[in-house]
Amino acid sequence: MKFKNIKKTFLAVFVLILGLTISTFVFADEDEEGDGHERHERGGRNEGEGRAIIPENTAYKNECSSCHFLYPPEFLPKRSWEVLMKGSDKHFWENLALDEKTSNEILSYLIENSAERGRSEWAGKILKSIGSATPLKITETPYILKEHRKIKTDVFKRKSIGSFSNCGACHTKGAEGDFEEDSISIPKQ
Amino acid sequence: MGQKIYFVLALAFVVLLLSSIADAGNLNAQMQSLMDKYMKDSGVKSFSAEEGKKLYFLKRMHSEKKEEISCISCHMDDPAKEGRTLVGKPIDPLSPAVNKERFTDPDKVEKWFKRNCTGVFERECTPKEKGDFVTHMMLLQ
């Protein structure tokens, strides 16, 4: 009798643990990334007039997009990317800790698609506006500053925007290379 | 015959119990060997979660930026919450209690220590600091 009870208890605990373990695995699966976005080939240009290139290079995406918007390579000239990547151990006060291979791959990609080669209207306008300068920030190029001149500094400080460098906060299709006015939506907070 | 079944069940029970404990916040084998390396390199006998917590909240003045900076500038007081980079991009929670991917990949862990320690402390973190930090994070509920 006593043994039977122990057996029953044991079986109940076993079933419980089994259930918990299975649920852990099931829920863990939900964490897997699968954003379902359509993928374009490396260096591919989006259909539609005037759009910027969609950054598709894996190294560029992996190493750069955790911290900031994945800026279109054509928003800076070749010489800017060269200086930026050469200083990747002091990238705005952070050491990007890139190995040589990764660093070279990113630089090649950025150069292949820099402003000089960009076909969007913005690439040309940025390039023209900077003259012979070597800007290290897209947000400091005269054309980009001019385009944002009417937006008050406070707006960039809103919680869901954070800074002038966070393009995607307002350019809702920025990640798709679309920086047209009709796809802009400025968050209220 | 009946006893044999119970023996198998008991064995399965133990295995499942151990795997659920492992799931509940222990380091995987690769991370454990990184921690062992930290311990060997630092020469300490144990890591301190308390010291790790202190490091997490330590505020300092950045000598070049002239701004106060700390881990919580981006990862928030509560690491279970979504963080934000200095330019405003969201960061997945740092706490392994809510983000199971955290502290599972030694290469990632090392890369981000290197990036963020230079960003905040203007130097690389020591093996002891890293060990303390991971220990603190793994104990979060």
# chains A, B, ... in the order shown; residues from 1 in each chain; ligands from 1

$ interface_residues --of "chain A" --to "chain B" --cutoff "7 Å" --atoms "only C-alpha atoms" --output "ChimeraX atom specification"
/A:14,21,67-68,93-97,161-163,165-166

$ select_by_dssp --residues "stretch 34-123 of chain A" --states "alpha helix (DSSP H)" --output "MDAnalysis selection string"
chainID A and resid 58:64 78:86 100:112 121:123

$ select_by_dssp --residues "stretch 1-139 of chain B" --states "strand (DSSP E or B)" --output "list in words"
Arg60, Met61, Glu68, Ile69, Gly83, Arg84, Pro90 and Ile91 of chain B

$ atom_distance --atom1 "atom CA of A:Glu63" --atom2 "atom CA of B:Pro79"
22.1 Å

$ closest_residue --among "A:Ser80, A:Ser120, A:Ser132, A:Ser183" --to "A:Ile54" --atoms "only C-alpha atoms"
A:Ser120

$ residues_around --residues "stretch 49-58 of chain B" --least-positions-apart "5" --cutoff "7 Å" --atoms "only C-alpha atoms" --output "PyMOL selection string"
chain B and resi 70-72+129+132-133+135-136
